[in-house]
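Dropping final_33.csv in here (CSV, C-alpha atoms):
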chain,number,residue,atom,x,y,z
I,1,MET,CA,0.0,0.0,0.0
I,2,ALA,CA,1.4,3.4,-1.0
I,3,THR,CA,2.2,5.8,1.8
I,4,ARG,CA,2.3,9.6,1.7
I,5,TRP,CA,5.8,11.1,1.8
I,6,VAL,CA,6.7,12.9,5.1
I,7,PRO,CA,10.0,14.9,5.4
I,8,ARG,CA,12.4,13.1,7.8
I,9,SER,CA,13.7,16.2,9.7
I,10,PRO,CA,12.9,17.9,13.0
I,11,ALA,CA,10.8,20.3,11.1
I,12,SER,CA,8.5,17.4,10.1
I,13,GLN,CA,6.9,17.7,13.6
I,14,ALA,CA,5.7,21.3,12.8
I,15,PRO,CA,2.0,21.7,12.7
I,16,LEU,CA,1.8,22.6,9.1
I,17,ARG,CA,-1.9,22.3,8.0
I,18,ARG,CA,-2.3,25.0,5.3
I,19,VAL,CA,-0.3,26.7,2.6
I,20,VAL,CA,-1.5,30.0,1.2
I,21,LEU,CA,0.1,30.7,-2.2
I,22,THR,CA,-0.1,34.2,-3.8
I,23,TRP,CA,0.7,35.6,-7.2
I,24,LEU,CA,0.1,39.0,-8.9
I,25,THR,CA,-0.1,38.3,-12.7
I,26,THR,CA,0.6,40.8,-15.4
I,27,ALA,CA,0.7,38.3,-18.3
I,28,SER,CA,0.3,34.7,-19.2
I,29,GLY,CA,3.8,33.3,-18.9
I,30,GLY,CA,6.2,30.9,-17.1
I,31,ALA,CA,5.7,32.4,-13.6
I,32,GLU,CA,2.0,31.9,-13.8
I,33,ARG,CA,2.4,28.3,-14.8
I,34,SER,CA,5.0,27.7,-12.1
I,35,THR,CA,2.7,29.1,-9.4
I,36,VAL,CA,-0.2,26.8,-10.4
I,37,GLU,CA,2.1,23.8,-10.7
I,38,LEU,CA,3.6,24.4,-7.2
I,39,ALA,CA,0.1,24.7,-5.8
I,40,ARG,CA,-0.9,21.3,-7.3
I,41,GLY,CA,2.4,19.7,-6.3
I,42,LEU,CA,2.1,20.8,-2.6
I,43,ARG,CA,-1.5,19.6,-2.5
I,44,ALA,CA,-0.6,16.2,-3.9
I,45,LEU,CA,2.6,15.8,-1.9
I,46,LEU,CA,1.5,17.0,1.6
I,47,GLY,CA,-2.3,16.2,1.4
I,48,ILE,CA,-3.1,19.5,3.2
I,49,GLU,CA,-5.2,22.4,2.2
I,50,VAL,CA,-3.6,24.7,-0.4
I,51,VAL,CA,-5.2,28.1,-1.2
I,52,VAL,CA,-4.1,30.3,-4.1
I,53,ILE,CA,-4.8,34.1,-4.0
I,54,TRP,CA,-4.6,35.1,-7.6
I,55,TRP,CA,-4.4,38.9,-8.2
I,56,ASN,CA,-5.0,39.5,-11.9
I,57,GLY,CA,-6.8,42.8,-12.1
I,58,GLY,CA,-9.9,41.0,-13.4
I,59,ARG,CA,-8.4,40.7,-16.9
I,60,ALA,CA,-8.7,36.9,-17.3
I,61,PRO,CA,-10.2,34.0,-15.4
I,62,ALA,CA,-8.0,32.6,-12.6
I,63,PRO,CA,-6.7,29.0,-13.1
I,64,ASP,CA,-8.6,26.1,-11.5
I,65,PRO,CA,-6.0,23.5,-10.4
I,66,ARG,CA,-7.5,20.3,-9.3
I,67,GLY,CA,-7.9,20.1,-5.5
I,68,VAL,CA,-6.8,23.7,-4.9
I,69,ARG,CA,-9.1,26.5,-3.9
I,70,VAL,CA,-8.4,29.7,-5.8
I,71,ARG,CA,-9.5,33.2,-4.8
I,72,GLN,CA,-9.4,35.7,-7.6
I,73,VAL,CA,-9.0,39.3,-6.8
I,74,ALA,CA,-8.8,42.4,-8.9
I,75,ASP,CA,-7.0,45.1,-6.8
I,76,HIS,CA,-4.8,45.8,-3.8
I,77,ASP,CA,-7.7,46.2,-1.3
I,78,ALA,CA,-9.4,42.9,-2.4
I,79,TYR,CA,-6.0,41.1,-2.3
I,80,GLU,CA,-5.3,42.4,1.3
I,81,ARG,CA,-8.8,41.4,2.5
I,82,ALA,CA,-8.5,37.9,1.0
I,83,LEU,CA,-5.0,37.4,2.3
I,84,CYS,CA,-6.0,38.5,5.9
I,85,ALA,CA,-9.0,36.2,5.8
I,86,GLU,CA,-7.0,33.2,4.8
I,87,LEU,CA,-4.2,33.9,7.3
I,88,ASP,CA,-6.8,34.4,10.1
I,89,GLU,CA,-8.4,31.0,9.4
I,90,ASP,CA,-5.6,28.9,11.0
I,91,PRO,CA,-2.6,31.1,11.8
I,92,ALA,CA,-0.8,28.5,13.9
I,93,GLY,CA,-0.8,26.0,11.1
I,94,THR,CA,-0.3,28.2,8.0
I,95,VAL,CA,2.7,29.2,5.9
I,96,LEU,CA,2.4,31.9,3.3
I,97,ILE,CA,4.4,31.4,0.0
I,98,GLY,CA,4.4,34.6,-2.0
I,99,ALA,CA,6.6,36.3,-4.6
I,100,HIS,CA,8.6,39.5,-4.9
I,101,ARG,CA,5.8,41.5,-6.4
I,102,THR,CA,3.6,41.3,-3.4
I,103,ALA,CA,6.3,40.8,-0.7
I,104,MET,CA,5.7,44.1,1.0
I,105,VAL,CA,2.0,43.4,1.5
I,106,ASP,CA,2.5,39.7,2.3
I,107,ILE,CA,5.2,40.3,5.0
I,108,VAL,CA,3.3,43.1,6.8
I,109,ALA,CA,0.0,41.2,6.7
I,110,ALA,CA,1.5,37.9,7.8
I,111,GLU,CA,3.2,39.5,10.8
I,112,SER,CA,-0.2,40.5,12.1
I,113,PHE,CA,-1.1,36.8,12.3
I,114,HIS,CA,2.3,35.5,13.3
I,115,VAL,CA,2.5,33.5,10.0
I,116,PRO,CA,5.9,32.7,8.5
I,117,VAL,CA,6.5,34.0,4.9
I,118,VAL,CA,8.5,32.5,2.1
I,119,SER,CA,9.0,35.1,-0.7
I,120,ILE,CA,10.1,33.8,-4.1
I,121,LEU,CA,12.3,36.0,-6.3
I,122,ARG,CA,11.2,34.8,-9.8
I,123,GLY,CA,13.6,37.2,-11.6
I,124,ILE,CA,17.0,38.7,-11.0
I,125,LEU,CA,17.7,42.0,-9.2
I,126,VAL,CA,19.9,44.3,-11.3
I,127,ALA,CA,21.3,47.5,-9.7
I,128,ASP,CA,20.3,49.8,-12.6
I,129,GLN,CA,17.0,48.1,-13.6
I,130,ARG,CA,13.6,48.6,-12.1
I,131,LEU,CA,11.6,45.8,-10.6
I,132,ARG,CA,7.8,46.1,-10.3
I,133,THR,CA,6.6,45.6,-6.7
I,134,VAL,CA,3.5,46.6,-4.8
I,135,ASP,CA,3.9,49.9,-3.0
I,136,LEU,CA,2.0,50.0,0.3
I,137,ARG,CA,1.0,53.6,0.1
I,138,ARG,CA,0.1,53.7,-3.6
I,139,ARG,CA,-1.5,50.3,-3.4
I,140,ARG,CA,-0.4,49.1,-6.8
I,141,LEU,CA,2.7,47.9,-8.8
I,142,VAL,CA,5.4,50.5,-8.9
I,143,PRO,CA,8.7,50.1,-10.7
I,144,ARG,CA,11.6,50.6,-8.3
I,145,LEU,CA,15.4,50.1,-8.4
I,146,PRO,CA,16.6,47.5,-5.9
I,147,GLY,CA,18.2,50.3,-3.8
I,148,GLU,CA,14.8,52.0,-3.5
I,149,LEU,CA,13.0,49.0,-2.1
I,150,ASP,CA,12.1,48.9,1.6
I,151,TRP,CA,14.5,46.4,2.9
I,152,ASP,CA,13.6,47.0,6.5
I,153,VAL,CA,10.4,45.1,5.6
I,154,LEU,CA,11.6,42.8,2.9
I,155,SER,CA,14.4,41.4,5.1
I,156,ARG,CA,11.8,40.2,7.6
I,157,ALA,CA,10.6,37.4,5.4
I,158,SER,CA,11.3,34.0,7.0
I,159,ARG,CA,13.1,33.0,3.9
I,160,TRP,CA,13.8,34.3,0.4
I,161,VAL,CA,14.0,31.7,-2.4
I,162,GLY,CA,15.7,32.4,-5.7
I,163,VAL,CA,14.5,30.2,-8.6
I,164,SER,CA,18.2,30.0,-9.7
I,165,ARG,CA,21.6,30.6,-8.2
I,166,ALA,CA,21.7,33.8,-10.2
I,167,ALA,CA,18.5,35.0,-8.6
I,168,THR,CA,19.6,34.1,-5.1
I,169,SER,CA,23.0,35.8,-5.6
I,170,SER,CA,21.3,39.0,-6.8
I,171,ILE,CA,19.2,39.4,-3.7
I,172,ARG,CA,22.1,38.7,-1.4
I,173,GLU,CA,24.3,41.2,-3.2
I,174,LEU,CA,21.7,44.0,-3.6
I,175,SER,CA,19.6,43.8,-0.5
I,176,ALA,CA,20.3,46.7,1.8
I,177,LYS,CA,19.8,44.5,4.9
I,178,PRO,CA,20.9,40.9,5.5
I,179,VAL,CA,18.4,38.4,4.2
I,180,GLU,CA,17.9,34.6,4.6
I,181,ALA,CA,18.1,33.4,1.0
I,182,ILE,CA,18.3,29.9,-0.5
I,183,THR,CA,18.0,28.5,-4.0
I,184,ILE,CA,15.3,26.2,-5.1
I,185,HIS,CA,15.6,25.8,-8.9
I,186,ASN,CA,12.3,26.1,-10.7
I,187,ALA,CA,11.0,23.1,-12.5
I,188,VAL,CA,8.7,22.2,-15.4
I,189,ARG,CA,6.7,19.3,-16.4
I,190,LEU,CA,9.0,17.1,-18.4
I,191,GLY,CA,7.8,14.8,-21.1
I,192,LEU,CA,7.3,17.1,-24.0
I,193,TYR,CA,8.1,15.1,-27.1
I,194,ARG,CA,10.0,15.9,-30.3
I,195,GLY,CA,9.5,13.1,-32.9
I,196,PRO,CA,12.2,11.9,-35.3
I,197,ARG,CA,13.7,14.6,-37.4
I,198,ASP,CA,13.6,14.6,-41.2
I,199,PRO,CA,17.3,15.0,-42.1
I,200,LEU,CA,16.4,16.9,-45.3
I,201,SER,CA,14.5,19.6,-43.4
I,202,PRO,CA,16.3,22.9,-42.6
I,203,ARG,CA,17.9,23.5,-39.2
I,204,ARG,CA,15.0,24.9,-37.2
I,205,PHE,CA,15.9,27.5,-34.5
I,206,ALA,CA,13.2,28.7,-32.1
I,207,VAL,CA,12.7,31.4,-29.5
I,208,VAL,CA,9.9,30.6,-27.0
I,209,ALA,CA,9.2,33.7,-24.9
I,210,ARG,CA,6.9,36.6,-24.4
I,211,THR,CA,7.9,39.3,-26.9
I,212,GLU,CA,8.8,42.0,-24.5
I,213,PRO,CA,11.9,44.3,-24.9
I,214,TRP,CA,13.8,42.8,-21.9
I,215,LYS,CA,13.7,39.4,-23.5
I,216,LEU,CA,16.2,40.7,-26.2
I,217,ILE,CA,14.6,38.8,-29.0
I,218,ASP,CA,15.8,41.5,-31.3
I,219,LYS,CA,19.3,40.3,-30.6
I,220,VAL,CA,18.4,36.8,-31.8
I,221,ILE,CA,16.9,38.2,-35.0
I,222,ARG,CA,20.0,40.3,-35.7
I,223,ALA,CA,22.4,37.4,-35.0
I,224,PHE,CA,20.3,35.1,-37.3
I,225,ALA,CA,20.5,37.6,-40.1
I,226,LEU,CA,24.3,37.4,-39.9
I,227,LEU,CA,24.4,33.7,-40.7
I,228,PRO,CA,26.6,33.0,-43.8
I,229,ASP,CA,24.4,32.6,-46.9
I,230,ASP,CA,25.3,28.9,-47.3
I,231,LEU,CA,24.1,28.2,-43.7
I,232,ALA,CA,21.1,30.5,-43.9
I,233,ALA,CA,19.8,28.7,-47.0
I,234,HIS,CA,19.2,25.7,-44.8
I,235,ALA,CA,18.0,27.3,-41.6
I,236,CYS,CA,14.9,29.0,-40.2
I,237,LEU,CA,14.0,31.0,-37.1
I,238,ASP,CA,10.6,30.6,-35.5
I,239,ILE,CA,9.5,33.0,-32.7
I,240,TYR,CA,6.8,31.7,-30.4
I,241,GLY,CA,5.1,34.3,-28.2
I,242,THR,CA,3.3,37.6,-28.1
I,243,GLY,CA,3.9,40.8,-26.3
I,244,SER,CA,4.4,44.6,-26.6
I,245,ALA,CA,7.6,44.4,-28.7
I,246,LEU,CA,6.0,42.1,-31.4
I,247,PRO,CA,5.3,44.9,-34.0
I,248,GLU,CA,8.8,46.3,-33.7
I,249,LEU,CA,10.3,42.8,-34.0
I,250,ARG,CA,8.3,42.2,-37.2
I,251,ARG,CA,9.6,45.4,-38.7
I,252,LEU,CA,13.2,44.5,-37.7
I,253,ALA,CA,12.9,41.1,-39.4
I,254,ASP,CA,11.4,42.6,-42.5
I,255,GLY,CA,14.2,45.2,-42.8
I,256,LEU,CA,17.1,42.8,-42.6
I,257,ARG,CA,18.8,40.9,-45.3
I,258,PRO,CA,16.4,39.1,-47.7
I,259,GLY,CA,16.4,35.4,-47.8
I,260,ARG,CA,16.3,34.9,-44.0
I,261,ASP,CA,13.5,32.6,-43.0
I,262,ILE,CA,12.1,34.3,-39.9
I,263,ARG,CA,8.5,33.4,-38.9
I,264,PHE,CA,6.4,34.7,-36.0
I,265,ARG,CA,4.1,31.9,-34.7
I,266,GLY,CA,2.2,33.7,-32.0
I,267,GLU,CA,1.2,31.8,-28.9
I,268,VAL,CA,1.5,28.1,-29.4
I,269,PRO,CA,0.6,25.4,-26.8
I,270,ASP,CA,3.6,23.9,-25.0
I,271,HIS,CA,3.3,20.5,-26.6
I,272,ARG,CA,3.4,21.8,-30.2
I,273,TRP,CA,6.6,24.0,-30.5
I,274,PRO,CA,9.1,21.2,-29.6
I,275,ALA,CA,7.8,19.1,-32.6
I,276,ALA,CA,9.0,21.9,-34.9
I,277,THR,CA,12.2,22.8,-33.2
I,278,ASP,CA,15.8,21.6,-33.5
I,279,VAL,CA,17.6,24.2,-31.3
I,280,LEU,CA,16.2,26.5,-28.7
I,281,VAL,CA,17.8,30.0,-28.6
I,282,ALA,CA,17.7,32.6,-25.8
I,283,ALA,CA,19.3,36.0,-25.4
I,284,CYS,CA,17.9,37.4,-22.2
I,285,ASP,CA,20.7,37.7,-19.6
I,286,ILE,CA,18.5,38.7,-16.7
I,287,GLU,CA,16.2,35.7,-16.9
I,288,GLY,CA,15.4,34.3,-13.5
I,289,PHE,CA,15.1,30.8,-14.7
I,290,GLY,CA,14.2,30.1,-18.3
I,291,ARG,CA,11.3,27.6,-18.4
I,292,SER,CA,11.5,27.1,-22.2
I,293,VAL,CA,15.2,26.2,-22.0
I,294,LEU,CA,14.4,23.4,-19.6
I,295,GLU,CA,11.3,22.3,-21.5
I,296,ALA,CA,13.5,22.1,-24.6
I,297,GLY,CA,16.0,19.9,-22.8
I,298,GLY,CA,13.3,17.6,-21.6
I,299,ALA,CA,12.2,17.2,-25.2
I,300,GLY,CA,15.7,16.4,-26.3
I,301,ILE,CA,16.4,19.8,-27.9
I,302,PRO,CA,19.8,21.4,-27.5
I,303,GLN,CA,19.9,25.0,-26.3
I,304,ILE,CA,21.9,28.2,-26.9
I,305,VAL,CA,21.9,30.6,-24.0
I,306,PRO,CA,24.0,33.6,-22.7
I,307,ASP,CA,26.5,33.2,-19.9
I,308,ARG,CA,24.5,35.4,-17.5
I,309,GLY,CA,21.2,34.8,-15.9
I,310,GLY,CA,19.4,31.7,-14.7
I,311,SER,CA,19.3,30.0,-18.1
I,312,THR,CA,23.0,29.3,-18.1
I,313,GLU,CA,22.6,27.0,-15.1
I,314,LEU,CA,20.4,24.7,-17.2
I,315,VAL,CA,22.9,24.1,-20.0
I,316,ILE,CA,26.2,22.2,-19.9
I,317,PRO,CA,28.4,23.9,-22.6
I,318,GLY,CA,29.3,21.6,-25.4
I,319,VAL,CA,27.4,18.7,-23.8
I,320,THR,CA,23.7,19.8,-23.9
I,321,GLY,CA,24.1,23.0,-26.0
I,322,LEU,CA,26.1,26.2,-26.3
I,323,VAL,CA,26.8,29.0,-23.8
I,324,TYR,CA,28.0,32.3,-25.4
I,325,SER,CA,29.4,35.5,-23.9
I,326,ALA,CA,26.6,38.0,-23.4
I,327,ASP,CA,29.3,40.8,-23.6
I,328,ASP,CA,30.6,39.6,-27.0
I,329,PRO,CA,28.7,41.3,-29.8
I,330,ALA,CA,29.5,38.4,-32.1
I,331,GLY,CA,28.9,35.7,-29.5
I,332,LEU,CA,25.4,34.7,-30.4
I,333,ALA,CA,26.0,34.9,-34.1
I,334,SER,CA,29.0,32.6,-33.8
I,335,ALA,CA,26.9,30.1,-31.7
I,336,LEU,CA,24.1,30.1,-34.2
I,337,ALA,CA,26.6,29.5,-37.0
I,338,GLU,CA,28.1,26.6,-35.1
I,339,ALA,CA,24.7,25.0,-34.4
I,340,ALA,CA,23.6,25.5,-38.0
I,341,GLY,CA,26.6,23.4,-39.1
I,342,TRP,CA,26.0,20.5,-36.6
I,343,SER,CA,25.8,17.1,-38.2
I,344,GLU,CA,22.6,15.1,-37.6
I,345,SER,CA,24.5,12.8,-35.3
I,346,ARG,CA,25.9,15.8,-33.3
I,347,LEU,CA,22.4,17.3,-33.0
I,348,GLU,CA,21.0,14.0,-31.8
I,349,ALA,CA,23.8,13.4,-29.3
I,350,LEU,CA,23.4,16.9,-27.7
I,351,GLY,CA,19.6,16.4,-27.5
I,352,CYS,CA,20.0,13.0,-25.8
I,353,ARG,CA,22.3,14.5,-23.1
I,354,ALA,CA,20.0,17.5,-22.8
I,355,ARG,CA,17.1,15.2,-21.9
I,356,ILE,CA,19.2,13.5,-19.2
I,357,ASN,CA,20.3,16.8,-17.8
I,358,ALA,CA,16.7,18.1,-17.6
I,359,ARG,CA,15.7,15.2,-15.3
I,360,SER,CA,17.8,16.8,-12.5
I,361,PHE,CA,15.3,19.7,-12.5
I,362,SER,CA,12.2,17.5,-12.0
I,363,GLN,CA,9.0,18.9,-10.4
I,364,THR,CA,9.2,16.3,-7.7
I,365,ARG,CA,12.6,17.7,-6.5
I,366,CYS,CA,11.2,21.2,-6.6
I,367,PHE,CA,8.0,20.4,-4.7
I,368,LEU,CA,9.9,18.4,-2.1
I,369,ALA,CA,12.2,21.3,-1.5
I,370,TYR,CA,9.3,23.7,-0.9
I,371,ALA,CA,7.5,21.2,1.3
I,372,ARG,CA,10.5,20.8,3.5
I,373,LEU,CA,11.0,24.6,3.6
I,374,ALA,CA,7.4,25.2,4.5
I,375,ARG,CA,7.6,22.8,7.4
I,376,GLU,CA,10.9,24.2,8.5
I,377,VAL,CA,9.8,27.8,8.7
I,378,ARG,CA,6.5,26.8,10.3
I,379,ALA,CA,8.5,25.0,13.0
I,380,GLY,CA,10.9,27.8,13.4
I,381,ASN,CA,8.2,30.4,13.7
I,382,ARG,CA,6.7,29.0,16.9
I,383,ASN,CA,7.2,30.8,20.2
I,384,LEU,CA,8.6,33.9,18.5
I,385,PRO,CA,7.4,37.3,19.8
I,386,ARG,CA,5.1,39.2,17.4
I,387,PRO,CA,7.2,41.8,15.6
I,388,PRO,CA,6.0,45.4,15.4
I,389,VAL,CA,3.8,46.3,12.5
I,390,PRO,CA,4.6,49.7,10.8
I,391,ASP,CA,1.9,52.3,10.4
I,392,ARG,CA,1.0,52.0,6.7
I,393,THR,CA,-1.2,55.1,6.8
I,394,ALA,CA,1.6,57.5,7.7
Structure encoded using C-alpha cells:
Amino acid sequence: MATRWVPRSPASQAPLRRVVLTWLTTASGGAERSTVELARGLRALLGIEVVVIWWNGGRAPAPDPRGVRVRQVADHDAYERALCAELDEDPAGTVLIGAHRTAMVDIVAAESFHVPVVSILRGILVADQRLRTVDLRRRRLVPRLPGELDWDVLSRASRWVGVSRAATSSIRELSAKPVEAITIHNAVRLGLYRGPRDPLSPRRFAVVARTEPWKLIDKVIRAFALLPDDLAAHACLDIYGTGSALPELRRLADGLRPGRDIRFRGEVPDHRWPAATDVLVAACDIEGFGRSVLEAGGAGIPQIVPDRGGSTELVIPGVTGLVYSADDPAGLASALAEAAGWSESRLEALGCRARINARSFSQTRCFLAYARLAREVRAGNRNLPRPPVPDRTA
C-alpha cells in the first residue's frame, strides 16, 4: 500500500496544516504556470489544504488547479482582504508562500497573524534596472530600483527563495539588509516530445518567450541575419510568443537581409513547439530561470543561452548545448553558425544529453524542497514574539 511522503527532519513535527500561495499576474507566462504547478504539487505531496490568491486585475479567469481552492482578486484592497481572511483561518498551522511583487503586502499582513512568509524571487535583481513591486502607500505595482525598495520590511521574510543561483546571488548582493536566502531551482513538467527529425529539413531554430523588450529577441533576429548565406539557406527561425515588442520585431525582421526565413508563430501550446524545433535560442541575460530552456532539454532539444542569468545554469556547454558570452557582440551569431553546421549525429547526441540533464530539474525535486522549507519555517516560527507592524497610513 502506498504511503504519503513525510519529510524526515525535526521540522516534520511542525503543525503545518495549510499553505497559502499568492501571485500577482501581469501576463500569461512561465511564472503563472510555475505558481499553479507548485500549488498542485504541494497539495498532492502533503495532502493538506492549499489556497491560491490570484491577483490579476480582473483581466482573465483565474486558473482552476485540481484540489486547490483559488480566490481571484482584482486590486490591492481585495487582495489584502482575501489574504488576511486566509491567514486568520488557522494562523498557527499556516505558511504563506508569495513572490517578490507582493512581498511588502505579504510580510506586513503575515506579521499581524504570526504566520511565516516564504518570498520567491522569480527574476533577477539588477542594480540599474527597475523591478515592479506593490507599493503599500500607492497600493499598486510601482517600478523601483533595488536600492529604492524597503529592505527593512523585505528582510523580515522568514526565507527568500531564488529560482536560480543567479536570482539568489542577486538578492544577497543588492539587498540593503541581511536576508535569509536559498536557491530552489524552478521546474517544469518534463515529457514534451519531439519526434524523429527529417534529415532533409532545414535547421529549425526557435525562440519561445513573451515578446517583451527585456527578452532581447531583437538580438536573436540580428544574429540570425548574420548567418553566412550557405548556412542561412538551410535554416529558419521561429518566434513563439506575443507581447508589446512584437510589432517592432516584425519590422526588424522585414528590414534585414532578404532570404532569411524568420517566422512569427504567436502563442502556441507547450506541446506543439518542440515538434517543430531543433535548437532553442535565448538571449535574455537577466532571466530568473528560463522555463522554455528546460522544456527544450526535456524534449531532447539542445539550447543556446547567454553566460549570464538563470538560463546558463540549465545548459552544460558543449554537452547539452552552447553558452555564449553576453558581452561579445558576435557571441550569439557565432553560436548560431556553429549550431547551423552541426551534423545530424551531433544534434541527436546533444539532444539526448539535454534530456538526461533536464531530469535533474524535476518537479518532484522542486516540490519536495518547498514542502521541506514550509515545514521548516513553520516549526521555526513557533514561540517567537510578534514583531511590530509599521503604520501604513503615515
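Take the candidates I:Val281, I:Leu38, I:Ala85, I:Ile286 and check each one against Asp128 of chain I using all atoms listed in the file; the shortest distance goes to I:Ile286.
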Contacts of Val293 of chain I at 9 Å (all atoms listed in the file; same-chain gap of 2+ positions) as a compact mmCIF listing (two decimals) with C-alpha atoms, keeping the file's coordinate frame:
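What ended up in part_5.txt:
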# COMPACT_ATOMS: atom_id res chain seq x y z
CA VAL I 208 9.90 30.60 -27.00
CA LEU I 280 16.20 26.50 -28.70
CA VAL I 281 17.80 30.00 -28.60
CA ALA I 282 17.70 32.60 -25.80
CA PHE I 289 15.10 30.80 -14.70
CA GLY I 290 14.20 30.10 -18.30
CA ARG I 291 11.30 27.60 -18.40
CA GLU I 295 11.30 22.30 -21.50
CA ALA I 296 13.50 22.10 -24.60
CA GLY I 297 16.00 19.90 -22.80
CA GLY I 298 13.30 17.60 -21.60
CA ILE I 301 16.40 19.80 -27.90
CA PRO I 302 19.80 21.40 -27.50
CA GLN I 303 19.90 25.00 -26.30
CA ILE I 304 21.90 28.20 -26.90
CA VAL I 305 21.90 30.60 -24.00
CA SER I 311 19.30 30.00 -18.10
CA LEU I 314 20.40 24.70 -17.20
CA VAL I 315 22.90 24.10 -20.00
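Atom to atom, atom CA of Ala225 of chain I and atom CA of Gln129 of chain I stand 28.7 Å apart.
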Practice problem: Quote the spacing between atom CA of Ile262 of chain I and atom CA of Ala349 of chain I in Å to one decimal place. | Solution: 26.2 Å
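Near Ala92 of chain I, within 10 Å and counting all atoms listed in the file, sit Ala14, Pro15, Leu16, Arg17, Arg18, Leu87, Asp88, Glu89, Asp90, Thr94, Val95, Phe113, His114, Val115, Pro116, Arg378, Ala379, Asn381 and Arg382 of chain I, not including residues fewer than 2 positions from it in the same chain.
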Quiz prompt | Distance query segment 176-184 of chain I at most 9 Å, all atoms listed in the file, self and fewer than 6 positions along chain excluded, as a VMD selection string | solution = chain I and resid 146 to 147 149 to 152 154 to 169 366 369 to 370
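In this comparison, which uses all atoms listed in the file, the residue of I:Ala276, I:Met104, I:Leu136, I:Leu237 approaching Arg260 of chain I most closely is I:Leu237.
Neighbours of Gln363 of chain I closer than or equal to 10 Å, with only C-alpha atoms counted and sequence neighbours fewer than 3 positions away skipped, come out as Ser34, Glu37, Leu38, Gly41, His185, Asn186, Ala187, Val188, Arg189, Leu190, Arg359, Ser360, Cys366, Phe367, Leu368 and Ala369 of chain I.
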Quiz item: Could you pull the residues within 8 Å of Thr25 of chain I, counting only C-alpha atoms, minus those fewer than 3 positions along the same chain, as an MDAnalysis selection string?
Solution: chainID I and resid 28 32 54:56
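The space between atom CA of Arg101 of chain I and atom CA of Arg140 of chain I spans 9.8 Å.
Among the candidates I:Arg263, I:Arg251, I:His234, I:Arg66, the residue lying nearest to Ala206 of chain I is I:Arg263 (atoms considered: all atoms listed in the file).
Between Thr242 of chain I and the candidates I:Ile171, I:Ala103, I:Val268, I:Val117, the tightest atom-to-atom separation, counting only C-alpha atoms, involves I:Val268.
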Reconstruct N, CA and C atoms of segment 103-114 of chain I; output as a short mmCIF file (atom, residue, chain, number, x, y, z; two decimals), keeping the file's coordinate frame.
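To be explicit, this is the file written out as rebuild-v1.cif:
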data_model
loop_
_atom_site.label_atom_id
_atom_site.label_comp_id
_atom_site.auth_asym_id
_atom_site.auth_seq_id
_atom_site.Cartn_x
_atom_site.Cartn_y
_atom_site.Cartn_z
N ALA I 103 5.58 41.05 -1.97
CA ALA I 103 6.30 40.80 -0.70
C ALA I 103 6.00 41.78 0.37
N MET I 104 5.93 43.06 0.01
CA MET I 104 5.70 44.10 1.00
C MET I 104 4.32 43.86 1.70
N VAL I 105 3.29 43.60 0.90
CA VAL I 105 2.00 43.40 1.50
C VAL I 105 1.96 42.05 2.26
N ASP I 106 2.56 41.01 1.69
CA ASP I 106 2.50 39.70 2.30
C ASP I 106 3.20 39.72 3.69
N ILE I 107 4.38 40.31 3.77
CA ILE I 107 5.20 40.30 5.00
C ILE I 107 4.44 41.06 6.12
N VAL I 108 3.96 42.26 5.79
CA VAL I 108 3.30 43.10 6.80
C VAL I 108 2.00 42.40 7.27
N ALA I 109 1.23 41.85 6.35
CA ALA I 109 0.00 41.20 6.70
C ALA I 109 0.26 39.94 7.57
N ALA I 110 1.23 39.14 7.15
CA ALA I 110 1.50 37.90 7.80
C ALA I 110 2.02 38.13 9.26
N GLU I 111 2.75 39.21 9.46
CA GLU I 111 3.20 39.50 10.80
C GLU I 111 2.10 39.75 11.77
N SER I 112 1.00 40.28 11.28
CA SER I 112 -0.20 40.50 12.10
C SER I 112 -0.75 39.22 12.69
N PHE I 113 -0.53 38.13 11.95
CA PHE I 113 -1.10 36.80 12.30
C PHE I 113 0.00 35.85 12.80
N HIS I 114 1.23 36.32 12.87
CA HIS I 114 2.30 35.50 13.30
C HIS I 114 2.48 34.25 12.36
#
